[in-house]
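The block underneath contains the structure these notes are about, expressed in structure tokens.
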Amino acid sequence: MAGKKGKKTAKKGQPPGKPQPAPAGPRKQNTGISWPETVLFFFMVAAIFCAAVFLAKPIAGKLKGQLGLDLRGGVHVVYQAKSTSEAPVTKDSVDKLIGVFRNRIDAYGLTEPLFQKQGSDRVVVELPGVKDPDEALELLGKTAHMEFKTEDGKTVLTGKHLKDAQAQLNPNTNEPLVALKFNKEGAKIFGDVTTANVGRRLAIYLDDRLLTAPVINGPITGGNAEISGGYKSLEEAQEEALLLRSGALPVDVELMEKRSIGPTLGKESLDLSMKAGIIGVAAIFLFMILYYRWPGVIADLSLIVYGLILVGIFILINTTLTLPGIAGIILSIGMAVDSNIIIYERLKEELRAGKTLRSAIDAGFHNAFRAILDSNVTTLIAAAVLYFLGTGPIRGFAVTLSIGILVSMFTAITFTRFVLHLVARSRLVVNPKAYGI
């Protein structure tokens, strides 16, 4: 009933039974700096710079010991294996020859020697830092000499009595061992010696260096024997078997080429390479900052991380650094910068299109990924071809280039993206002009 007490009437413009919501005030935007992300960013920058500064000297000292022949000086020789009446030159005989060379150079005390095949019957040996080339060459050219001695020091067998030596796994215990096989004369002598010396040790020497001294557990006849115990892995047993076979096979060698590299030339080459590298990297750092501004700063930070990871890998895998290898490193630095440039150009395009900073970062990386992947994969394919078809310095160039490319992809796609997002979340720099717009 109209006018009845308690009856409510709707206001003009308001639907009956639906109260009108209070007008919303202006939405506040959080434009202030986010301090947790900001502190994390500056802490990360400080950690990277501290690592670069404090590790620079130890890294330089370590890499100096891994310089190749062209930078440290030394001797480059080429030997050709010659067939004998007892055994022709085969792939296995060349492997044995390399085993003899490696054993002797290790005993000589040289670091970072290089041994590699050239063709089917040649061996290239590079000895960086050799002070007496003639002594090293005389050491390499000797015929391998193996001896079996009893505890009284008497030589009872020599390498001419050993027919073969192979690494195996004991089928019952899975323990690595070396199986020996003697020729007819050696089998008889070995049987007599082991029968008369049960419980005593039989020492095996190669070039007057003790390889092993197993205990004779009982008479061994038939020309076969085993050396077991003391091998940590099958690989270790294989290395010793190769040394034993090397001493047993008389392979004549002929010196085909000898070149001495002076340390002065190596030092000059290294100094020029370092100077060129420093100038190039400094120019890249300056260009990235001037042209890309804030992303350029992040790119420079990424390059420092790239360098630390790269030299860490080289030290870990004990890479020998040559001039071509350093050229590969410098080329990979250029490709690392190129990846950042592609990303930042896509980022600028997205910002010009009106996207927010975080959305532009995601879209920029997504659009740049395919181009970065394609360019790096094609370069890796070329490096693989150089590695498998090339020799010596060409392989060194391919290895350093490949490692550099893989590290650059990691730093560009993961580290750079993480830092850009960190800066965006911190709202430390939000002005589009700071991103090159």
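By convention here, the chains of the structure tokens are called A, B, ... in the order presented, each chain's residues are numbered starting at 1, and ligands are numbered starting at 1 in the order presented.
All residues of protein, DNA or RNA that reach within 12 Å of Asn174 of chain A, judged by only C-alpha atoms and not counting those fewer than 5 positions away in the chain, are Gln168, Leu169, Ser228, Gly229, Tyr231, Lys232, Ser233 and Leu234 of chain A.
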With N, CA and C atoms retained, write the just-selected residues as a PDB file, in the first residue's frame.
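The resulting file, result-v8.pdb, is reproduced below:
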```pdb
ATOM      1  N   GLN A 168      91.506 -56.999 -20.385  1.00  0.00           N
ATOM      2  CA  GLN A 168      90.264 -57.760 -20.299  1.00  0.00           C
ATOM      3  C   GLN A 168      89.636 -57.553 -18.928  1.00  0.00           C
ATOM      4  N   LEU A 169      88.402 -58.072 -18.795  1.00  0.00           N
ATOM      5  CA  LEU A 169      87.720 -58.098 -17.505  1.00  0.00           C
ATOM      6  C   LEU A 169      87.577 -59.543 -17.063  1.00  0.00           C
ATOM      7  N   SER A 228      97.033 -59.059 -12.796  1.00  0.00           N
ATOM      8  CA  SER A 228      95.794 -58.592 -12.179  1.00  0.00           C
ATOM      9  C   SER A 228      96.099 -57.922 -10.847  1.00  0.00           C
ATOM     10  N   GLY A 229      95.144 -57.114 -10.388  1.00  0.00           N
ATOM     11  CA  GLY A 229      95.311 -56.401  -9.128  1.00  0.00           C
ATOM     12  C   GLY A 229      95.983 -55.057  -9.355  1.00  0.00           C
ATOM     13  N   TYR A 231      94.660 -52.380 -10.844  1.00  0.00           N
ATOM     14  CA  TYR A 231      94.053 -51.565 -11.905  1.00  0.00           C
ATOM     15  C   TYR A 231      92.737 -50.965 -11.401  1.00  0.00           C
ATOM     16  N   LYS A 232      92.632 -49.657 -11.474  1.00  0.00           N
ATOM     17  CA  LYS A 232      91.418 -48.992 -11.006  1.00  0.00           C
ATOM     18  C   LYS A 232      90.284 -49.072 -12.022  1.00  0.00           C
ATOM     19  N   SER A 233      90.636 -49.222 -13.305  1.00  0.00           N
ATOM     20  CA  SER A 233      89.616 -49.259 -14.351  1.00  0.00           C
ATOM     21  C   SER A 233      90.141 -50.051 -15.532  1.00  0.00           C
ATOM     22  N   LEU A 234      89.226 -50.406 -16.436  1.00  0.00           N
ATOM     23  CA  LEU A 234      89.625 -51.105 -17.652  1.00  0.00           C
ATOM     24  C   LEU A 234      90.490 -50.196 -18.522  1.00  0.00           C
TER      25      LEU A 234
END
```
| message | Can you tell me which residues surround Ile298 of chain A at a distance of at most 8 Å, considering only C-alpha atoms, apart from same-chain residues fewer than 3 positions away, and format the answer as a list in words? | response | Trp294, Pro295, Leu301, Ser302, Thr416, Val419 and Leu420 of chain A
Store the residues picked out above in a file with C-alpha atoms, as a PDB file, in the first residue's frame.
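Written file, selection_7.pdb:
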```pdb
ATOM      1  CA  TRP A 294      70.993  -0.388 -20.641  1.00  0.00           C
ATOM      2  CA  PRO A 295      70.736  -3.719 -22.531  1.00  0.00           C
ATOM      3  CA  LEU A 301      78.010  -8.404 -18.102  1.00  0.00           C
ATOM      4  CA  SER A 302      76.972 -11.491 -20.058  1.00  0.00           C
ATOM      5  CA  THR A 416      70.942 -12.487 -20.487  1.00  0.00           C
ATOM      6  CA  VAL A 419      69.119 -10.528 -15.965  1.00  0.00           C
ATOM      7  CA  LEU A 420      66.735  -8.590 -18.226  1.00  0.00           C
TER       8      LEU A 420
END
```
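The smallest atom-to-atom distance between Leu210 of chain A and any of A:Lys160, A:Lys57, A:Lys64, A:Lys149, using only C-alpha atoms, is found for A:Lys149.
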| request: Please identify all polymer residues within 12 Å of Leu137 of chain A, counting only C-alpha atoms, omitting same-chain residues fewer than 6 positions from it, and present them as a PyMOL selection string. | output: chain A and resi 74-79+101+104-105+108+125-127+130-131+253-255+257-260
| task | Please report, as a VMD selection string, each residue of segment 209-298 of chain A to which DSSP assigns helix (DSSP H, G or I) when run on this structure's backbone. | result | chain A and resid 234 to 248 263 to 292 294 to 298
| query | Hey, what does DSSP flag as strand (DSSP E or B) within segment 170-399 of chain A? Can you give it to me as a PyMOL selection string? | reply | chain A and resi 176-182+201-206+209-212+215+224-228+252-261+321
| Which residue of A:Ile343, A:Ala52, A:Val430, A:Leu303 approaches Phe369 of chain A most closely, using only C-alpha atoms | A:Ile343
| task | To one decimal in Å, tell me the separation between atom CA of Met288 of chain A and atom CA of Leu428 of chain A. | result | 19.5 Å
| message | as a PyMOL selection string, please: the residues near segment 184-188 of chain A (cut-off 7 Å, only C-alpha atoms, same-chain neighbours under 4 positions excluded). | response | chain A and resi 161-162+192+221-223
| task | Compile the contact shell of Arg427 of chain A as a list of chain:residue names: residues with an atom at most 10 Å away, counting only C-alpha atoms, same-chain residues fewer than 6 positions apart removed. | result | A:Asn30, A:Thr31, A:Gly32, A:Ile33, A:Ser34, A:Trp35, A:Glu37, A:Thr38, A:Leu357, A:His421
| field | Near-Val407 of chain A list (8 Å; only C-alpha atoms; drop same-chain fewer than 5 positions) as a list in words | value | Tyr306, Ile309 and Leu310 of chain A
Give one line per residue of segment 316-339 of chain A that approaches segment 375-381 of chain A to at most 12 Å, naming the two atoms of the closest pair and their distance in Å to one decimal, counting only C-alpha atoms; sort by chain then ascending residue number and deliver it as a Markdown table.
```
| residue | atom | partner | partner_atom | distance |
| --- | --- | --- | --- | --- |
| A:Gly328 | CA | A:Thr379 | CA | 11.4 |
| A:Leu331 | CA | A:Thr379 | CA | 10.7 |
| A:Ser332 | CA | A:Asn376 | CA | 9.7 |
| A:Gly334 | CA | A:Asn376 | CA | 11.6 |
| A:Met335 | CA | A:Asn376 | CA | 8.0 |
| A:Ala336 | CA | A:Asn376 | CA | 9.6 |
| A:Asp338 | CA | A:Ser375 | CA | 9.8 |
| A:Ser339 | CA | A:Asn376 | CA | 9.1 |
```
Same residues, N, CA and C atoms, saved as a PDB file, in the first residue's frame:
```pdb
ATOM      1  N   GLY A 328      89.739 -18.923 -32.960  1.00  0.00           N
ATOM      2  CA  GLY A 328      88.405 -19.487 -32.768  1.00  0.00           C
ATOM      3  C   GLY A 328      87.687 -18.876 -31.586  1.00  0.00           C
ATOM      4  N   LEU A 331      86.520 -15.392 -32.593  1.00  0.00           N
ATOM      5  CA  LEU A 331      85.359 -15.490 -33.474  1.00  0.00           C
ATOM      6  C   LEU A 331      84.106 -15.830 -32.689  1.00  0.00           C
ATOM      7  N   SER A 332      84.229 -16.712 -31.697  1.00  0.00           N
ATOM      8  CA  SER A 332      83.056 -17.067 -30.894  1.00  0.00           C
ATOM      9  C   SER A 332      82.582 -15.896 -30.043  1.00  0.00           C
ATOM     10  N   GLY A 334      82.639 -12.796 -31.074  1.00  0.00           N
ATOM     11  CA  GLY A 334      81.826 -12.037 -32.017  1.00  0.00           C
ATOM     12  C   GLY A 334      80.444 -12.627 -32.193  1.00  0.00           C
ATOM     13  N   MET A 335      80.351 -13.948 -32.208  1.00  0.00           N
ATOM     14  CA  MET A 335      79.046 -14.587 -32.359  1.00  0.00           C
ATOM     15  C   MET A 335      78.203 -14.426 -31.095  1.00  0.00           C
ATOM     16  N   ALA A 336      78.870 -14.387 -29.930  1.00  0.00           N
ATOM     17  CA  ALA A 336      78.133 -14.144 -28.690  1.00  0.00           C
ATOM     18  C   ALA A 336      77.525 -12.748 -28.699  1.00  0.00           C
ATOM     19  N   ASP A 338      76.798 -11.079 -31.404  1.00  0.00           N
ATOM     20  CA  ASP A 338      75.777 -11.096 -32.448  1.00  0.00           C
ATOM     21  C   ASP A 338      74.448 -11.623 -31.912  1.00  0.00           C
ATOM     22  N   SER A 339      74.504 -12.636 -31.056  1.00  0.00           N
ATOM     23  CA  SER A 339      73.273 -13.164 -30.460  1.00  0.00           C
ATOM     24  C   SER A 339      72.569 -12.109 -29.624  1.00  0.00           C
TER      25      SER A 339
END
```
| message | Using Å and a single decimal, report how far atom CA of Val123 of chain A sits from atom CA of Gln80 of chain A. | response | 6.4 Å
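Here atom CA of Lys181 of chain A stands at a distance of 6.6 Å from atom CA of Ala225 of chain A.
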